[in-house]
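So this one's query_28.cif, mmCIF, C-alpha atoms and all ligand atoms:
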data_final
#
loop_
_atom_site.label_atom_id
_atom_site.label_comp_id
_atom_site.auth_asym_id
_atom_site.auth_seq_id
_atom_site.Cartn_x
_atom_site.Cartn_y
_atom_site.Cartn_z
CA MET A 1236 -4.12 1.24 -19.28
CA LYS A 1237 -4.46 4.95 -18.52
CA ARG A 1238 -4.66 4.96 -14.73
CA PHE A 1239 -3.49 2.63 -11.96
CA ILE A 1240 -5.20 4.17 -8.96
CA ASP A 1241 -7.00 1.31 -7.19
CA LEU A 1242 -6.58 -2.44 -7.74
CA ALA A 1243 -10.35 -2.76 -7.25
CA ASP A 1244 -10.80 -0.85 -10.55
CA PHE A 1245 -9.70 -4.09 -12.26
CA GLU A 1246 -11.50 -7.42 -12.44
CA PRO A 1247 -9.63 -10.29 -10.70
CA ALA A 1248 -8.91 -11.77 -14.15
CA ALA A 1249 -7.23 -8.51 -15.21
CA VAL A 1250 -5.12 -8.52 -12.03
CA ARG A 1251 -4.07 -12.11 -12.75
CA ASP A 1252 -3.20 -11.05 -16.27
CA LEU A 1253 -0.93 -8.27 -14.92
CA ILE A 1254 0.77 -10.76 -12.59
CA ALA A 1255 1.29 -13.13 -15.52
CA LEU A 1256 2.92 -10.26 -17.44
CA ALA A 1257 5.16 -9.48 -14.44
CA GLN A 1258 6.25 -13.13 -14.35
CA LYS A 1259 6.86 -13.13 -18.11
CA LEU A 1260 9.03 -10.02 -17.83
CA GLU A 1261 11.07 -11.79 -15.14
CA ARG A 1262 11.58 -14.83 -17.41
CA GLU A 1263 11.99 -12.93 -20.65
CA PRO A 1264 13.37 -9.42 -20.02
CA GLU A 1265 12.42 -6.70 -22.54
CA PRO A 1266 15.24 -4.17 -22.16
CA GLN A 1267 14.00 -1.99 -25.05
CA ALA A 1268 10.23 -2.10 -24.44
CA LEU A 1269 10.04 1.45 -23.06
CA ALA A 1270 13.05 2.98 -24.86
CA GLY A 1271 12.65 6.75 -25.05
CA LYS A 1272 9.84 6.85 -22.47
CA VAL A 1273 10.09 8.99 -19.35
CA LEU A 1274 8.42 8.29 -16.01
CA GLY A 1275 7.97 11.21 -13.61
CA LEU A 1276 7.86 10.35 -9.91
CA LEU A 1277 6.46 12.92 -7.47
CA PHE A 1278 6.95 12.03 -3.82
CA MET A 1279 5.11 14.32 -1.41
CA ASN A 1280 6.18 11.82 1.32
CA PRO A 1281 9.28 9.65 1.90
CA SER A 1282 9.91 6.26 0.33
CA LEU A 1283 12.57 3.59 -0.09
CA ARG A 1284 10.92 0.70 -1.99
CA THR A 1285 8.49 2.64 -4.16
CA LEU A 1286 11.11 5.10 -5.34
CA ALA A 1287 13.85 2.54 -5.99
CA SER A 1288 11.57 -0.13 -7.54
CA PHE A 1289 9.99 2.30 -10.00
CA GLN A 1290 13.36 3.70 -11.08
CA ALA A 1291 14.90 0.21 -11.36
CA GLY A 1292 11.86 -1.20 -13.18
CA MET A 1293 11.73 1.67 -15.66
CA ALA A 1294 15.47 1.30 -16.37
CA ARG A 1295 15.10 -2.48 -16.90
CA LEU A 1296 12.48 -1.76 -19.55
CA GLY A 1297 14.77 0.70 -21.35
CA GLY A 1298 13.05 3.88 -20.14
CA SER A 1299 14.19 6.60 -17.79
CA SER A 1300 12.74 8.41 -14.83
CA PHE A 1301 13.08 11.54 -12.73
CA VAL A 1302 12.22 12.01 -9.08
CA ILE A 1303 10.82 15.12 -7.42
CA THR A 1304 10.75 15.35 -3.63
CA PRO A 1305 9.38 18.85 -2.97
CA GLY A 1306 11.52 20.95 -0.67
CA GLN A 1307 14.59 18.75 -1.18
CA GLY A 1308 16.44 20.51 -3.94
CA THR A 1309 13.19 21.59 -5.60
CA TRP A 1310 10.56 24.19 -4.67
CA ASN A 1311 8.34 23.16 -1.80
CA LEU A 1312 4.85 22.48 -3.18
CA GLU A 1313 1.59 23.78 -1.70
CA SER A 1314 -1.38 21.47 -2.20
CA ARG A 1315 -4.08 23.23 -0.16
CA GLN A 1316 -6.68 25.09 -2.18
CA GLY A 1317 -7.37 28.81 -1.82
CA VAL A 1318 -4.55 29.61 0.59
CA MET A 1319 -2.41 32.73 0.73
CA MET A 1320 0.99 31.39 -0.25
CA ASP A 1321 3.07 33.63 2.00
CA GLY A 1322 4.88 30.78 3.81
CA ASP A 1323 7.72 28.48 2.76
CA ARG A 1324 5.87 26.83 -0.15
CA ALA A 1325 6.92 28.64 -3.30
CA GLU A 1326 4.86 26.75 -5.89
CA HIS A 1327 1.37 25.26 -6.03
CA VAL A 1328 0.62 21.76 -7.30
CA ARG A 1329 -1.85 23.39 -9.71
CA GLU A 1330 1.15 24.58 -11.74
CA GLY A 1331 3.78 22.09 -10.56
CA ILE A 1332 1.94 18.88 -11.44
CA PRO A 1333 0.91 19.85 -15.01
CA VAL A 1334 4.50 20.99 -15.62
CA LEU A 1335 5.89 17.64 -14.42
CA ALA A 1336 3.27 15.77 -16.46
CA SER A 1337 4.31 17.73 -19.56
CA TYR A 1338 7.84 16.28 -19.28
CA SER A 1339 6.58 12.72 -18.71
CA ASP A 1340 4.92 9.87 -20.58
CA ALA A 1341 3.47 8.68 -17.27
CA LEU A 1342 3.45 10.21 -13.81
CA GLY A 1343 3.45 8.53 -10.39
CA ILE A 1344 2.27 10.47 -7.35
CA ARG A 1345 2.65 9.62 -3.66
CA SER A 1346 0.55 11.76 -1.35
CA PHE A 1347 -0.36 10.39 2.08
CA ALA A 1348 -3.47 11.07 4.13
CA GLU A 1349 -3.76 14.44 5.81
CA GLY A 1350 -4.87 12.53 8.92
CA LYS A 1351 -7.30 15.15 10.20
CA ASP A 1352 -10.71 14.31 8.74
CA LEU A 1353 -11.49 10.61 8.23
CA ASN A 1354 -14.27 11.23 5.71
CA ALA A 1355 -12.07 13.55 3.62
CA ASP A 1356 -9.31 10.95 3.60
CA LEU A 1357 -11.74 8.13 2.78
CA ALA A 1358 -12.95 10.24 -0.15
CA GLU A 1359 -9.33 10.68 -1.32
CA THR A 1360 -9.89 14.43 -1.65
CA GLY A 1361 -6.17 15.26 -1.72
CA PHE A 1362 -5.11 12.65 -4.28
CA ARG A 1363 -8.17 13.26 -6.46
CA ALA A 1364 -7.38 16.99 -6.65
CA MET A 1365 -3.87 16.16 -7.85
CA ALA A 1366 -5.05 13.45 -10.25
CA GLU A 1367 -7.34 15.96 -11.97
CA LEU A 1368 -4.23 17.97 -12.92
CA VAL A 1369 -2.64 15.06 -14.82
CA ASP A 1370 -3.40 14.49 -18.51
CA LYS A 1371 -0.98 11.56 -18.83
CA PRO A 1372 -1.15 7.96 -17.59
CA LEU A 1373 -1.15 8.15 -13.80
CA ILE A 1374 0.01 5.75 -11.07
CA ASN A 1375 -1.00 5.94 -7.43
CA MET A 1376 2.22 5.39 -5.49
CA GLU A 1377 0.24 5.56 -2.19
CA SER A 1378 -2.62 7.86 -1.40
CA ALA A 1379 -4.69 8.41 1.75
CA MET A 1380 -6.51 5.09 1.53
CA ASN A 1381 -4.77 3.06 -1.15
CA HIS A 1382 -1.49 1.53 -2.23
CA PRO A 1383 -2.33 -0.49 -5.35
CA CYS A 1384 1.31 -1.16 -6.26
CA GLN A 1385 1.89 -2.81 -2.89
CA ALA A 1386 -1.35 -4.77 -3.25
CA LEU A 1387 -0.39 -6.08 -6.69
CA ALA A 1388 3.04 -7.17 -5.42
CA ASP A 1389 1.45 -8.86 -2.40
CA TRP A 1390 -1.00 -10.80 -4.58
CA LYS A 1391 1.92 -11.95 -6.75
CA THR A 1392 3.88 -12.95 -3.66
CA MET A 1393 1.02 -15.08 -2.34
CA ASP A 1394 0.61 -16.77 -5.73
CA GLU A 1395 4.30 -17.67 -5.78
CA LEU A 1396 4.11 -19.07 -2.26
CA GLY A 1397 1.17 -21.29 -3.15
CA VAL A 1398 -1.25 -19.53 -0.80
CA PRO A 1399 -4.69 -20.77 -1.95
CA ASP A 1400 -7.02 -18.23 -3.56
CA HIS A 1401 -9.59 -18.93 -0.82
CA GLY A 1402 -7.08 -19.26 2.05
CA LYS A 1403 -7.44 -17.37 5.31
CA PHE A 1404 -5.82 -13.91 5.29
CA VAL A 1405 -5.46 -12.20 8.66
CA LEU A 1406 -4.63 -8.52 8.62
CA SER A 1407 -3.48 -7.62 12.12
CA TRP A 1408 -2.99 -4.22 13.68
CA VAL A 1409 0.44 -3.93 15.31
CA TYR A 1410 1.91 -1.31 17.61
CA HIS A 1411 3.70 1.82 16.43
CA PRO A 1412 4.66 4.85 18.50
CA ARG A 1413 2.35 7.09 16.46
CA ALA A 1414 -0.74 6.93 14.30
CA LEU A 1415 0.03 5.80 10.74
CA PRO A 1416 -2.23 6.03 7.65
CA LEU A 1417 -4.77 3.42 6.59
CA ALA A 1418 -3.52 3.15 2.99
CA VAL A 1419 -1.74 -0.20 3.25
CA PRO A 1420 -4.32 -1.93 5.49
CA ALA A 1421 -7.06 -0.74 3.12
CA ALA A 1422 -5.16 -1.95 0.06
CA ALA A 1423 -4.27 -5.28 1.68
CA MET A 1424 -7.78 -6.17 2.85
CA THR A 1425 -9.43 -5.21 -0.43
CA MET A 1426 -6.77 -7.07 -2.44
CA ALA A 1427 -7.25 -10.24 -0.38
CA ALA A 1428 -11.04 -9.96 -0.73
CA GLN A 1429 -10.67 -9.54 -4.51
CA ARG A 1430 -8.48 -12.64 -4.56
CA GLY A 1431 -11.37 -14.56 -2.96
CA MET A 1432 -9.76 -15.03 0.47
CA GLU A 1433 -11.30 -15.41 3.92
CA VAL A 1434 -10.31 -11.96 5.19
CA VAL A 1435 -10.19 -11.37 8.94
CA VAL A 1436 -9.12 -8.02 10.38
CA LEU A 1437 -7.66 -8.41 13.88
CA ARG A 1438 -7.44 -5.16 15.81
CA PRO A 1439 -7.87 -3.67 19.29
CA GLU A 1440 -11.02 -1.73 20.16
CA GLY A 1441 -10.87 1.77 18.69
CA TYR A 1442 -9.07 0.65 15.52
CA GLU A 1443 -12.11 -0.63 13.65
CA VAL A 1444 -12.26 -0.65 9.85
CA PRO A 1445 -14.26 2.43 8.73
CA ALA A 1446 -17.70 1.49 7.39
CA PRO A 1447 -17.13 2.53 3.75
CA LEU A 1448 -13.96 0.47 3.62
CA ALA A 1449 -15.64 -2.52 5.27
CA ASP A 1450 -18.49 -2.26 2.74
CA LYS A 1451 -16.03 -2.14 -0.17
CA THR A 1452 -14.12 -5.16 1.16
CA ARG A 1453 -17.33 -7.12 1.74
CA ALA A 1454 -18.58 -6.37 -1.78
CA LEU A 1455 -15.29 -7.47 -3.37
CA ALA A 1456 -15.28 -10.65 -1.27
CA LYS A 1457 -18.85 -11.44 -2.29
CA THR A 1458 -17.98 -11.17 -5.97
CA SER A 1459 -14.89 -13.39 -5.61
CA GLY A 1460 -16.33 -16.01 -3.24
CA GLY A 1461 -14.44 -14.75 -0.19
CA SER A 1462 -15.55 -13.22 3.10
CA PHE A 1463 -14.78 -10.35 5.46
CA THR A 1464 -14.98 -10.22 9.26
CA GLU A 1465 -13.33 -8.22 12.00
CA THR A 1466 -12.44 -9.17 15.59
CA SER A 1467 -10.18 -8.39 18.54
CA ASP A 1468 -9.84 -12.10 19.47
CA ARG A 1469 -6.37 -13.15 18.36
CA ALA A 1470 -6.69 -16.93 18.79
CA SER A 1471 -9.90 -17.24 16.80
CA ALA A 1472 -8.68 -14.81 14.13
CA LEU A 1473 -5.52 -16.78 13.48
CA LYS A 1474 -7.07 -20.27 13.56
CA GLY A 1475 -6.11 -21.91 10.26
CA ALA A 1476 -4.57 -18.71 8.84
CA ARG A 1477 -2.36 -19.04 5.74
CA VAL A 1478 -1.12 -15.43 5.96
CA LEU A 1479 -0.62 -13.03 8.84
CA TYR A 1480 -0.23 -9.55 7.34
CA ALA A 1481 0.84 -7.07 9.99
CA LYS A 1482 0.35 -3.33 9.70
CA GLU A 1483 0.32 -0.30 11.96
CA TRP A 1484 -2.53 2.20 11.63
CA GLY A 1485 -4.07 5.05 13.60
CA SER A 1486 -7.24 4.85 15.65
CA THR A 1487 -10.34 5.32 13.55
CA ARG A 1488 -12.28 6.26 16.69
CA HIS A 1489 -9.93 9.18 17.46
CA TYR A 1490 -8.88 10.01 13.89
CA GLY A 1491 -7.07 13.35 13.82
CA ASP A 1492 -6.97 13.61 17.63
CA ALA A 1493 -3.33 12.89 18.46
CA ARG A 1494 -3.76 13.14 22.23
CA ALA A 1495 -6.74 10.76 22.47
CA GLU A 1496 -5.06 8.38 20.03
CA ALA A 1497 -1.87 8.35 22.13
CA GLU A 1498 -3.88 7.52 25.27
CA LEU A 1499 -5.68 4.68 23.48
CA ARG A 1500 -2.48 3.09 22.17
CA LYS A 1501 -0.46 3.48 25.38
CA PRO A 1502 -1.42 0.02 26.80
CA LEU A 1503 -1.22 -1.74 23.39
CA SER A 1504 2.52 -2.20 23.02
CA GLU A 1505 2.13 -5.99 23.44
CA TRP A 1506 0.55 -6.02 19.97
CA ARG A 1507 3.94 -7.07 18.59
CA VAL A 1508 3.95 -10.18 16.39
CA GLU A 1509 5.88 -13.07 17.90
CA GLU A 1510 5.96 -16.80 17.16
CA PRO A 1511 3.30 -17.75 19.80
CA TRP A 1512 0.76 -15.76 17.73
CA PHE A 1513 0.91 -18.62 15.20
CA GLN A 1514 -0.12 -21.43 17.59
CA SER A 1515 -3.54 -21.93 16.00
CA ALA A 1516 -2.51 -20.92 12.48
CA ASP A 1517 -1.85 -23.31 9.61
CA PRO A 1518 1.77 -24.54 10.05
CA ARG A 1519 2.54 -23.07 6.60
CA CYS A 1520 1.34 -19.58 7.65
CA HIS A 1521 3.49 -16.79 6.21
CA PHE A 1522 4.28 -13.45 7.82
CA MET A 1523 3.83 -10.43 5.55
CA HIS A 1524 4.50 -6.70 6.05
CA CYS A 1525 4.88 -3.99 3.41
CA LEU A 1526 7.94 -2.42 5.14
CA PRO A 1527 9.35 -0.29 6.59
CA VAL A 1528 8.87 -2.04 9.92
CA ARG A 1529 10.19 -1.24 13.38
CA ARG A 1530 11.96 -4.32 14.73
CA ASN A 1531 10.86 -5.42 18.20
CA VAL A 1532 8.12 -2.78 18.18
CA ALA A 1533 5.74 -4.16 15.52
CA VAL A 1534 7.38 -7.58 15.11
CA ALA A 1535 10.05 -9.57 16.93
CA ASP A 1536 13.53 -9.99 15.44
CA ALA A 1537 13.24 -13.80 15.52
CA LEU A 1538 10.10 -13.76 13.40
CA LEU A 1539 11.42 -11.27 10.83
CA ASP A 1540 14.61 -13.30 10.51
CA GLY A 1541 12.82 -16.67 10.56
CA PRO A 1542 11.32 -18.88 7.84
CA ARG A 1543 7.76 -17.47 8.03
CA SER A 1544 8.83 -13.99 6.98
CA VAL A 1545 8.42 -13.11 3.29
CA VAL A 1546 8.85 -9.34 3.67
CA VAL A 1547 11.91 -9.06 1.41
CA ARG A 1548 10.19 -11.13 -1.28
CA GLU A 1549 7.17 -8.80 -1.09
CA ALA A 1550 9.45 -5.80 -1.49
CA TYR A 1551 11.27 -7.41 -4.44
CA ASN A 1552 7.94 -8.11 -6.12
CA ARG A 1553 7.18 -4.40 -6.17
CA MET A 1554 9.60 -4.12 -9.11
CA PRO A 1555 8.22 -6.77 -11.53
CA ALA A 1556 4.63 -5.90 -10.59
CA GLN A 1557 5.20 -2.23 -11.43
CA MET A 1558 7.10 -3.16 -14.58
CA ALA A 1559 3.93 -4.93 -15.73
CA VAL A 1560 1.88 -1.79 -15.02
CA LEU A 1561 4.38 0.42 -16.89
CA HIS A 1562 4.49 -2.03 -19.80
CA ARG A 1563 0.67 -1.99 -20.10
CA MET A 1564 0.65 1.80 -19.95
CA LEU A 1565 3.51 2.67 -22.24
CA ALA A 1566 4.68 -0.19 -24.48
CA ARG A 1567 3.64 -0.04 -28.12
N1 LIG B 1601 5.99 -0.41 1.15
C1 LIG B 1601 6.36 0.78 0.67
O1 LIG B 1601 5.61 1.45 -0.05
O2 LIG B 1601 7.61 1.16 1.01
P1 LIG B 1601 8.19 2.64 0.84
O3 LIG B 1601 7.36 3.54 1.73
O4 LIG B 1601 9.62 2.54 1.27
O5 LIG B 1601 8.05 3.05 -0.60
#

Written as C-alpha cells, that's how I'd like the structure from this file.
Amino acid sequence: MKRFIDLADFEPAAVRDLIALAQKLEREPEPQALAGKVLGLLFMNPSLRTLASFQAGMARLGGSSFVITPGQGTWNLESRQGVMMDGDRAEHVREGIPVLASYSDALGIRSFAEGKDLNADLAETGFRAMAELVDKPLINMESAMNHPCQALADWKTMDELGVPDHGKFVLSWVYHPRALPLAVPAAAMTMAAQRGMEVVVLRPEGYEVPAPLADKTRALAKTSGGSFTETSDRASALKGARVLYAKEWGSTRHYGDARAEAELRKPLSEWRVEEPWFQSADPRCHFMHCLPVRRNVAVADALLDGPRSVVVREAYNRMPAQMAVLHRMLAR
C-alpha cells in the first residue's frame, strides 16, 4: 500500500482484509515488524486521538515517529500558493513537506478544510497540493472532506458490536457553537455505504449533503447493496436504526459565510442527542461519535455515560486500525 487517502479507494473486501489484520495484530502482537522505520506526522491542525494513536501504534510495531505541529516549536508553515511570505510564516510547505518526507519511511498529514469555498474543499485542493510533494507512502490524517483512519476504525467497531452489514446507519447533525468541517460526516456516510448499510443522513434545512458527496455515497451504496437517503424528520430517520452516528458540521447552504451560518444555527441548539431520540430505533442501537464532543451541547451526559455509547471503543480502535495500515505500508 502506497497511499491511504480515502477508504473508498479500496474495495470492501480489501477493507475487511485490513480489519482482519488489525484484529490479528491485537491477538498476536508483532513488536519488531517495523523496527528501524520512521513515521513522520505533520499536524496543520490540533489532535488528541490521531496523534496519540499513530505514535502508540508505531511504537507497538517497533518503529518510531516524530510529530511536527507548525508554529509550536517549529517554523510556521505557509501553504498558500504564490503569496509574498512577509508575515509570520517562515517556511513554505513546498520545502517543508519534502524535507519531512526525506526523514520518513511514511508520512501522515492532517490539513483541515479552509472553509471558504465549498467546491475547492470538495475537490481537496489543499490536501492534494501537499500530497503531490510527498514521494513516500502517505496517510490522510484528516483532510477537508475525508478522515479514512476514523472510517476504518468505525467499520471495525461496528463489526465487533455485531452491527449487521446491511443495518440502518443514521448520521445525524448535532449542534456546535460554530461551523465545523465536513470531513468526518463525509467519511462516515461513505464508509457505511461501502459496508452495504442503509444510510440515512438526518439534518436540519441548510445542512444538506453536497451533491458530489451524495453522488459518491449513492454509488458506493449501490455497489455494496446499501442505500442512501437524507431527511430532516427525526422519527422516521431513526426508525429501526442500529447506529446513530452524531456529528457537527457547518451549513452547506452558507458555506464560508460565518454570519449567515450563525443565524441559521441559532435556533438549532435542541439538536442535542438524548435518550428520547432512540424511541423508534432498534433497542440495540449504538451511539457513535468520533470525538472530541462537547457534553450537553452535542450530546447529553447521560447518553455518553450510558450503555449505548461506544465512543471510547471507537477511539481505541483508531490504534489497531492504523497499525494495520502501517503494517501494509512498511512491513517487509
Ligand atoms: N477523531 C479524531 O480524529 O480525533 P482527534 O481530532 O483528536 O485526532

ask   = Given a cut-off of 9 Å, what residues near ligand LIG 1601 (chain B) show up using only C-alpha atoms and all ligand atoms, put as JSON, numbers by chain?
value = {"A": [1280, 1281, 1282, 1283, 1284, 1285, 1286, 1287, 1288, 1376, 1377, 1382, 1384, 1385, 1419, 1524, 1525, 1526, 1527, 1549, 1550, 1553]}

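If you count all atoms listed in the file and ignore residues fewer than 6 places along the chain from range 1262-1277 of chain A, what sits within 7 Å of it is Arg1295, Leu1296, Gly1297, Gly1298, Ser1299, Ser1300, Phe1301, Val1302, Ile1303, Thr1304, Leu1335, Ser1339, Asp1340, Ala1341, Leu1342, Gly1343, Ile1344, Arg1345, Leu1565 and Ala1566 of chain A.
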
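In this comparison, which uses all atoms listed in the file, the residue of A:Ser1314, A:Gln1258, A:Asn1354, A:Asn1375 approaching Asp1394 in chain A most closely is A:Gln1258.
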
inquiry  = Env of range 1451-1458 of chain A: 10 Å cut, atoms = all atoms listed in the file, seq-sep filter 3 positions within chain, self excluded. Answer as a list in words.
reply    = Ala1243, Glu1246, Pro1247, Ala1421, Ala1422, Ala1423, Met1424, Thr1425, Met1426, Ala1427, Ala1428, Gln1429, Arg1430, Gly1431, Met1432, Glu1433, Val1434, Val1444, Ala1446, Pro1447, Leu1448, Gly1461, Ser1462, Phe1463 and Thr1464 of chain A

Could the residues in this selection be saved with C-alpha atoms as a short mmCIF file (atom, residue, chain, number, x, y, z; two decimals), in the frame of the given file?
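Writing the result to out38.cif gives the following:
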data_model
loop_
_atom_site.label_atom_id
_atom_site.label_comp_id
_atom_site.auth_asym_id
_atom_site.auth_seq_id
_atom_site.Cartn_x
_atom_site.Cartn_y
_atom_site.Cartn_z
CA ALA A 1243 -10.35 -2.76 -7.25
CA GLU A 1246 -11.50 -7.42 -12.44
CA PRO A 1247 -9.63 -10.29 -10.70
CA ALA A 1421 -7.06 -0.74 3.12
CA ALA A 1422 -5.16 -1.95 0.06
CA ALA A 1423 -4.27 -5.28 1.68
CA MET A 1424 -7.78 -6.17 2.85
CA THR A 1425 -9.43 -5.21 -0.43
CA MET A 1426 -6.77 -7.07 -2.44
CA ALA A 1427 -7.25 -10.24 -0.38
CA ALA A 1428 -11.04 -9.96 -0.73
CA GLN A 1429 -10.67 -9.54 -4.51
CA ARG A 1430 -8.48 -12.64 -4.56
CA GLY A 1431 -11.37 -14.56 -2.96
CA MET A 1432 -9.76 -15.03 0.47
CA GLU A 1433 -11.30 -15.41 3.92
CA VAL A 1434 -10.31 -11.96 5.19
CA VAL A 1444 -12.26 -0.65 9.85
CA ALA A 1446 -17.70 1.49 7.39
CA PRO A 1447 -17.13 2.53 3.75
CA LEU A 1448 -13.96 0.47 3.62
CA GLY A 1461 -14.44 -14.75 -0.19
CA SER A 1462 -15.55 -13.22 3.10
CA PHE A 1463 -14.78 -10.35 5.46
CA THR A 1464 -14.98 -10.22 9.26
#

Closest atom pairs, residues of range 1395-1452 of chain A within 7 Å of range 1482-1492 of chain A, only C-alpha atoms, as CSV:
residue,atom,partner,partner_atom,distance
A:Ser1407,CA,A:Lys1482,CA,6.2
A:Trp1408,CA,A:Lys1482,CA,5.3
A:Val1409,CA,A:Glu1483,CA,4.9
A:Tyr1410,CA,A:Glu1483,CA,6.0
A:His1411,CA,A:Glu1483,CA,6.0
A:Ala1414,CA,A:Gly1485,CA,3.9
A:Leu1415,CA,A:Trp1484,CA,4.5
A:Pro1416,CA,A:Trp1484,CA,5.5
A:Leu1417,CA,A:Trp1484,CA,5.6
A:Pro1420,CA,A:Lys1482,CA,6.4
A:Gly1441,CA,A:Arg1488,CA,5.1
A:Tyr1442,CA,A:Ser1486,CA,4.6
A:Glu1443,CA,A:Thr1487,CA,6.2
A:Pro1445,CA,A:Thr1487,CA,6.9

Could those selected residues go to a file with C-alpha atoms, as a compact mmCIF listing (two decimals), in the coordinates of the input?
# COMPACT_ATOMS: atom_id res chain seq x y z
CA SER A 1407 -3.48 -7.62 12.12
CA TRP A 1408 -2.99 -4.22 13.68
CA VAL A 1409 0.44 -3.93 15.31
CA TYR A 1410 1.91 -1.31 17.61
CA HIS A 1411 3.70 1.82 16.43
CA ALA A 1414 -0.74 6.93 14.30
CA LEU A 1415 0.03 5.80 10.74
CA PRO A 1416 -2.23 6.03 7.65
CA LEU A 1417 -4.77 3.42 6.59
CA PRO A 1420 -4.32 -1.93 5.49
CA GLY A 1441 -10.87 1.77 18.69
CA TYR A 1442 -9.07 0.65 15.52
CA GLU A 1443 -12.11 -0.63 13.65
CA PRO A 1445 -14.26 2.43 8.73

key: Nearby residues (all atoms listed in the file) at most 8 Å from Thr1466 in chain A, same-chain spacing under 3 positions excluded, as a PyMOL selection string   = chain A and resi 1435-1438+1469+1472

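Considering only C-alpha atoms, the residue among A:Asp1517, A:Ser1467, A:Glu1395, A:Arg1567 positioned nearest to Ala1255 in chain A is A:Glu1395.
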
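In terms of minimum interatomic distance to Ala1556 in chain A, A:Asp1252 ranks closest within A:Asp1400, A:Asp1252, A:Asp1244, A:Asp1540, counting only C-alpha atoms.
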
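Distances from A:Ala1516, A:Val1405, A:Met1393, A:Leu1499 to Val1546 in chain A were compared using only C-alpha atoms, and the smallest one belongs to A:Met1393.
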
Please enclose the listed atoms of range 1489-1507 of chain A in an axis-aligned box, pad each side by 3 Å, and write out the centre and the three edge lengths in Å, rounded to one decimal, as JSON.
{"center_x": -3.0, "center_y": 3.3, "center_z": 20.3, "size_x": 19.9, "size_y": 26.7, "size_z": 19.0}

inquiry  = As an exercise, work out the distance from CA of Phe1239 in chain A to CA of Met1365 in chain A in Å and give it to one decimal place.
reply    =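 Between CA of Phe1239 in chain A and CA of Met1365 in chain A the gap works out to 14.1 Å.
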
Two-atom distance - CA of Asp1241 in chain A, CA of Pro1383 in chain A (Å) = 5.3 Å
